[in-house]
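Chemist: Contents are compact mmCIF, C-alpha atoms; file name target.txt:
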# COMPACT_ATOMS: atom_id res chain seq x y z
CA MET K 1 145.22 80.57 181.61
CA LEU K 2 145.81 78.54 184.77
CA SER K 3 147.24 81.57 186.60
CA LEU K 4 144.14 83.56 185.63
CA LYS K 5 141.95 80.80 187.09
CA ILE K 6 143.99 80.91 190.31
CA ILE K 7 143.64 84.72 190.52
CA PHE K 8 139.87 84.49 190.04
CA LEU K 9 139.69 81.71 192.64
CA TYR K 10 141.28 83.94 195.27
CA LYS K 11 139.66 87.19 194.08
CA GLY K 12 136.37 86.18 195.65
CA LEU K 13 138.10 85.28 198.89
CA VAL K 14 140.14 88.46 199.38
CA ASP K 15 137.94 91.05 201.03
CA LEU K 16 139.95 92.58 203.88
CA LYS K 17 136.79 93.44 205.86
CA LYS K 18 135.84 89.77 205.94
CA VAL K 19 139.34 88.53 206.80
CA ASP K 20 139.66 87.23 210.35
CA SER K 21 141.68 89.54 212.62
CA THR K 22 143.84 86.55 213.67
CA VAL K 23 144.87 85.97 210.04
CA LEU K 24 145.73 89.66 209.56
CA LYS K 25 147.66 89.77 212.84
CA GLU K 26 149.68 86.65 212.07
CA THR K 27 150.35 87.80 208.48
CA ALA K 28 151.57 91.16 209.79
CA TYR K 29 153.90 89.36 212.21
CA VAL K 30 155.23 87.05 209.46
CA ALA K 31 155.69 90.06 207.13
CA LEU K 32 157.66 91.91 209.82
CA VAL K 33 159.99 88.96 210.50
CA THR K 34 160.40 88.39 206.73
CA LEU K 35 161.38 92.06 206.33
CA ILE K 36 163.96 91.80 209.13
CA LEU K 37 165.39 88.56 207.71
CA SER K 38 165.47 90.10 204.20
CA VAL K 39 167.50 93.04 205.50
CA LEU K 40 169.84 90.54 207.18
CA MET K 41 170.19 88.59 203.93
CA GLN K 42 170.96 91.77 201.97
CA SER K 43 173.65 92.70 204.48
CA VAL K 44 175.20 89.23 204.19
CA PHE K 45 175.37 89.62 200.39
CA LEU K 46 176.83 93.11 200.86
CA VAL K 47 179.51 91.81 203.23
CA LEU K 48 180.38 88.96 200.83
CA GLY K 49 180.71 91.52 198.02
CA LYS K 50 178.12 89.81 195.83
CA TRP K 51 175.40 92.44 196.13
CA ASN K 52 173.81 93.95 193.03
CA TYR K 53 170.32 95.08 192.05
CA THR K 54 169.27 91.53 191.04
CA VAL K 55 169.82 90.39 194.64
CA LEU K 56 167.53 93.16 195.92
CA LEU K 57 164.80 92.60 193.32
CA GLY K 58 164.95 88.82 193.77
CA ASN K 59 164.64 89.25 197.53
CA VAL K 60 161.61 91.55 197.13
CA LEU K 61 159.92 89.07 194.77
CA GLY K 62 160.62 86.06 197.01
CA ALA K 63 159.60 87.83 200.22
CA VAL K 64 156.32 89.12 198.73
CA ALA K 65 155.58 85.61 197.41
CA ALA K 66 156.30 84.03 200.82
CA VAL K 67 154.09 86.49 202.73
CA CYS K 68 151.28 86.17 200.15
CA ASN K 69 151.55 82.39 200.41
CA PHE K 70 151.10 82.62 204.18
CA PHE K 71 148.19 85.06 203.80
CA PHE K 72 146.39 82.84 201.28
CA MET K 73 146.96 79.87 203.55
CA GLY K 74 145.35 81.85 206.38
CA LEU K 75 142.39 82.73 204.14
CA THR K 76 141.95 79.08 203.22
CA VAL K 77 142.12 78.00 206.87
CA GLN K 78 139.57 80.69 207.76
CA SER K 79 137.14 79.64 205.06
CA ALA K 80 137.70 75.91 205.66
CA LEU K 81 136.94 76.17 209.39
CA GLY K 82 133.29 76.89 208.61
CA LEU K 83 132.87 73.83 206.41
CA GLU K 84 132.22 70.14 206.91
CA ALA K 85 135.34 68.15 207.86
CA LYS K 86 135.52 66.29 204.55
CA GLU K 87 135.04 69.41 202.45
CA ALA K 88 137.58 71.33 204.55
CA LYS K 89 140.12 68.56 203.96
CA SER K 90 139.76 68.68 200.17
CA ARG K 91 139.83 72.49 200.11
CA MET K 92 143.11 72.56 202.04
CA LYS K 93 144.64 70.00 199.68
CA LEU K 94 143.59 72.02 196.62
CA SER K 95 144.80 75.27 198.13
CA GLN K 96 148.18 73.76 199.06
CA MET K 97 148.65 72.43 195.55
CA LEU K 98 147.76 75.75 193.93
CA ARG K 99 149.99 77.74 196.28
CA THR K 100 152.93 75.41 195.64
CA LEU K 101 152.33 75.82 191.90
CA ILE K 102 152.30 79.62 192.23
CA MET K 103 155.56 79.48 194.22
CA PHE K 104 157.11 77.32 191.49
CA ILE K 105 155.95 79.74 188.76
CA ILE K 106 157.45 82.66 190.71
CA ALA K 107 160.75 80.77 191.02
CA VAL K 108 160.70 80.10 187.25
CA ILE K 109 160.13 83.83 186.66
CA GLY K 110 163.07 84.50 189.00
CA HIS K 111 165.23 82.20 186.87
CA VAL K 112 164.08 83.37 183.45
CA ALA K 113 163.98 87.13 184.05
CA PRO K 114 167.50 88.57 184.09
CA VAL K 115 166.59 91.21 186.68
CA PHE K 116 166.17 88.60 189.42
CA SER K 117 168.72 86.38 191.15
CA LEU K 118 167.22 82.88 191.54
CA LEU K 119 168.92 82.18 194.87
CA THR K 120 167.51 85.32 196.48
CA VAL K 121 164.04 84.52 195.11
CA VAL K 122 164.10 81.04 196.65
CA ILE K 123 165.70 81.73 200.06
CA PRO K 124 162.83 83.97 201.40
CA TYR K 125 160.39 81.09 200.85
CA VAL K 126 161.51 79.62 204.20
CA PHE K 127 161.36 82.92 206.15
CA PRO K 128 157.75 82.39 207.35
CA ARG K 129 158.87 79.06 208.86
CA ILE K 130 161.58 80.90 210.81
CA ALA K 131 158.97 83.46 211.92
CA VAL K 132 156.70 80.68 213.22
CA ALA K 133 159.63 79.00 214.99
CA LEU K 134 160.55 82.32 216.67
CA ARG K 135 156.90 82.78 217.68
CA ALA K 136 156.83 79.31 219.24
CA ILE K 137 160.03 80.07 221.19
CA SER K 138 158.65 83.39 222.49
CA ILE K 139 155.36 81.74 223.55
CA LYS K 140 157.32 79.00 225.35
CA LYS K 141 159.39 81.63 227.22
CA LYS K 142 156.25 83.58 228.23
CA GLY K 143 154.42 80.41 229.29
CA MET Y 1 180.42 63.27 176.30
CA GLU Y 2 176.80 63.35 175.06
CA LEU Y 3 176.00 60.27 177.13
CA ALA Y 4 177.47 61.84 180.25
CA LEU Y 5 175.51 65.04 179.61
CA GLY Y 6 172.33 63.04 179.14
CA ILE Y 7 172.92 61.12 182.35
CA ILE Y 8 173.54 64.36 184.28
CA LEU Y 9 170.41 66.08 182.96
CA GLY Y 10 168.29 62.95 183.37
CA CYS Y 11 169.44 62.41 186.95
CA CYS Y 12 168.77 66.07 187.82
CA ALA Y 13 165.23 65.84 186.41
CA LEU Y 14 164.67 62.50 188.17
CA GLY Y 15 165.94 63.94 191.46
CA ALA Y 16 163.68 66.98 191.13
CA GLY Y 17 160.69 64.74 190.50
CA MET Y 18 161.55 62.55 193.47
CA ALA Y 19 161.99 65.62 195.68
CA MET Y 20 158.49 66.76 194.80
CA ILE Y 21 157.06 63.50 196.22
CA ALA Y 22 157.53 65.30 199.55
CA GLY Y 23 155.05 67.89 198.30
CA ILE Y 24 152.19 65.40 198.68
CA GLY Y 25 152.54 65.09 202.45
CA PRO Y 26 151.81 68.68 203.54
CA GLY Y 27 148.52 68.77 201.62
CA ILE Y 28 147.28 65.60 203.31
CA GLY Y 29 148.59 66.74 206.71
CA GLU Y 30 147.02 70.20 206.49
CA GLY Y 31 143.77 68.66 205.33
CA ASN Y 32 143.64 66.29 208.32
CA ALA Y 33 144.55 69.09 210.75
CA VAL Y 34 141.86 71.43 209.41
CA ALA Y 35 139.27 68.63 209.42
CA SER Y 36 140.04 67.97 213.10
CA ALA Y 37 139.88 71.72 213.83
CA CYS Y 38 136.43 71.88 212.21
CA GLU Y 39 135.23 69.13 214.53
CA ALA Y 40 136.80 70.86 217.55
CA ILE Y 41 135.09 74.18 216.69
CA ALA Y 42 131.78 72.40 216.18
CA ARG Y 43 132.09 70.99 219.71
CA GLN Y 44 133.34 74.26 221.30
CA PRO Y 45 132.46 77.30 219.15
CA GLU Y 46 133.93 79.73 221.75
CA SER Y 47 137.44 78.35 221.10
CA LYS Y 48 137.44 79.46 217.43
CA GLY Y 49 140.06 82.23 217.91
CA SER Y 50 142.65 80.07 219.64
CA VAL Y 51 142.02 77.17 217.26
CA THR Y 52 142.53 79.45 214.22
CA THR Y 53 145.84 80.77 215.58
CA THR Y 54 147.10 77.27 216.37
CA MET Y 55 145.91 76.05 212.97
CA LEU Y 56 147.75 78.82 211.13
CA MET Y 57 150.99 78.09 212.95
CA GLY Y 58 150.57 74.35 212.48
CA CYS Y 59 149.79 74.69 208.79
CA ALA Y 60 152.80 76.99 208.27
CA ILE Y 61 155.06 74.39 209.88
CA ALA Y 62 153.49 71.53 207.90
CA GLU Y 63 153.84 73.42 204.67
CA THR Y 64 157.56 74.02 205.14
CA THR Y 65 158.33 70.41 204.21
CA GLY Y 66 156.69 70.98 200.83
CA LEU Y 67 158.54 74.26 200.36
CA TYR Y 68 161.90 72.64 201.18
CA ALA Y 69 161.13 70.00 198.55
CA LEU Y 70 160.15 72.71 196.09
CA VAL Y 71 163.39 74.63 196.72
CA ILE Y 72 165.47 71.46 196.24
CA ALA Y 73 163.58 70.65 193.03
CA ILE Y 74 164.10 74.21 191.69
CA LEU Y 75 167.81 74.06 192.47
CA LEU Y 76 168.09 70.62 190.83
CA ILE Y 77 166.33 71.83 187.69
CA PHE Y 78 167.92 75.26 187.23
CA VAL Y 79 171.22 75.38 189.14
CA ALA Y 80 172.67 71.86 189.45
CA PRO Y 81 172.88 70.99 185.70
CA ASN Y 82 175.04 74.06 184.94
CA ILE Y 83 177.44 73.31 187.79
CA LEU Y 84 177.67 69.60 186.97
CA VAL Y 85 178.18 70.24 183.24
CA ASP Y 86 180.97 72.73 184.06
CA ILE Y 87 182.64 70.08 186.26
CA LEU Y 88 182.27 67.50 183.47
CA VAL Y 89 183.80 69.82 180.85
CA GLU Y 90 186.72 70.69 183.16
CA THR Y 91 187.33 66.99 183.85
CA MET Y 92 187.24 66.15 180.14
CA GLN Y 93 189.67 68.95 179.36
CA ALA Y 94 192.03 67.78 182.12
CA LEU Y 95 191.99 64.27 180.63
Please render this file's structure as structure tokens.
Modeler:
Amino acid sequence: MLSLKIIFLYKGLVDLKKVDSTVLKETAYVALVTLILSVLMQSVFLVLGKWNYTVLLGNVLGAVAAVCNFFFMGLTVQSALGLEAKEAKSRMKLSQMLRTLIMFIIAVIGHVAPVFSLLTVVIPYVFPRIAVALRAISIKKKG
Amino acid sequence: MELALGIILGCCALGAGMAMIAGIGPGIGEGNAVASACEAIARQPESKGSVTTTMLMGCAIAETTGLYALVIAILLIFVAPNILVDILVETMQAL
């Protein structure tokens, strides 16, 4: 019931024509870096001899969740920037809480469903942070 | 044995709960940052693009703390009890 409420909450927000080009550009960048890091992670598991289909499926689930989390955060930032400061503050808090809850639910699915490996569901959660750190380094070098 | 198991499971649950205290911070931080960005855009509407980009990057960094806490909590709930119980059983068998 709660997940349905969350889906309906975001359904009204997701209209790609209305999404700011900055949000789309940054999400595309984060998705690209997440893909590269996922391939790296798969190769590490392959080298260690612990690769199986659960590793791949878990990685796909975790990576999609991480990129969606970033995208929804971008949508919230975009919508909050047009509001009053106080309202923007409360919207960001609510959004962060809901997104964390969704991430937790996805991790629980990764643990409960036998087709996913929990570790490979959880590791991609931090890939967007690495993408942002890489972006900051590249901007520093250019500047 | 039952007492030791109870202590292990209880401590794991307690640790996971304590880890999630770190989840409060990012929400407050992001909220403050966006509120300040709103005021900045109201003062200089032409800077909206650069402010949005900086905001996104800033929010992503701020949110990582909460995600780290979430990952630790998930591992404490789902992974740690199994490992610790295995260690306990092995120790009991050795004794």
Chemist: Can you check which residues of chain Y have any atom within 8 Å of chain K? Use only C-alpha atoms and format it as a VMD selection string.
Modeler: chain Y and resid 26 to 28 30 to 32 34 to 39 41 49 52 to 53 55 to 57 59 to 61 63 to 64 66 to 68 70 to 71 74 78
Chemist: Grab all the atoms of range 44-63 of chain Y that the file lists, wrap them in a box along x, y and z, add 5 Å per side, and give me centre plus edge lengths in Å (one decimal) as lines of an AutoDock Vina configuration file.
Modeler:
center_x = 143.8
center_y = 76.9
center_z = 213.2
size_x = 32.6
size_y = 20.7
size_z = 27.1
Chemist: Counting only C-alpha atoms, what is within 12 Å of Glu2 in chain Y, bar same-chain residues fewer than 4 positions away, as a list in words?
Modeler: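 Residues near the query, excluding close chain neighbours: Gly6, Ile7, Ile8, Leu9, Gly10, Val85, Leu88, Val89 and Met92 of chain Y.
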Chemist: What does the structure give for the distance between CA of Lys140 in chain K and CA of Arg43 in chain Y, in Å to one decimal?
Modeler: 27.1 Å
Chemist: Considering only C-alpha atoms, can you say which of K:Ile106, K:Leu98, K:Leu40, K:Leu46 comes closest to Ala65 in chain K?
Modeler: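 That would be K:Ile106, the residue with the smallest distance to Ala65 in chain K.
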Chemist: For Ser117 in chain K, please output as a list of chain:residue names all residues within 8 Å (counting all atoms listed in the file; exclusion window: fewer than 2 positions along the same chain).
Modeler: K:Thr54, K:Val55, K:Leu57, K:Gly58, K:Gly110, K:His111, K:Pro114, K:Val115, K:Leu119, K:Thr120, K:Val121
Chemist: May I have the residues from that selection written out with C-alpha atoms, as a PDB file, in the frame of the given file?
Modeler:
ATOM      1  CA  THR K  54     169.270  91.530 191.040  1.00  0.00           C
ATOM      2  CA  VAL K  55     169.820  90.390 194.640  1.00  0.00           C
ATOM      3  CA  LEU K  57     164.800  92.600 193.320  1.00  0.00           C
ATOM      4  CA  GLY K  58     164.950  88.820 193.770  1.00  0.00           C
ATOM      5  CA  GLY K 110     163.070  84.500 189.000  1.00  0.00           C
ATOM      6  CA  HIS K 111     165.230  82.200 186.870  1.00  0.00           C
ATOM      7  CA  PRO K 114     167.500  88.570 184.090  1.00  0.00           C
ATOM      8  CA  VAL K 115     166.590  91.210 186.680  1.00  0.00           C
ATOM      9  CA  LEU K 119     168.920  82.180 194.870  1.00  0.00           C
ATOM     10  CA  THR K 120     167.510  85.320 196.480  1.00  0.00           C
ATOM     11  CA  VAL K 121     164.040  84.520 195.110  1.00  0.00           C
TER      12      VAL K 121
END
Chemist: If you measure from CA of Leu84 in chain Y to CA of Leu14 in chain Y, what distance in Å do you get, rounded to one decimal?
Modeler: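 The value is 14.9 Å.
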Chemist: In Å, rounded to a single decimal, give me how far CA of Leu75 in chain Y is from CA of Leu56 in chain K.
Modeler: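 So the two atoms, CA of Leu56 in chain K and CA of Leu75 in chain Y, lie 19.4 Å apart.
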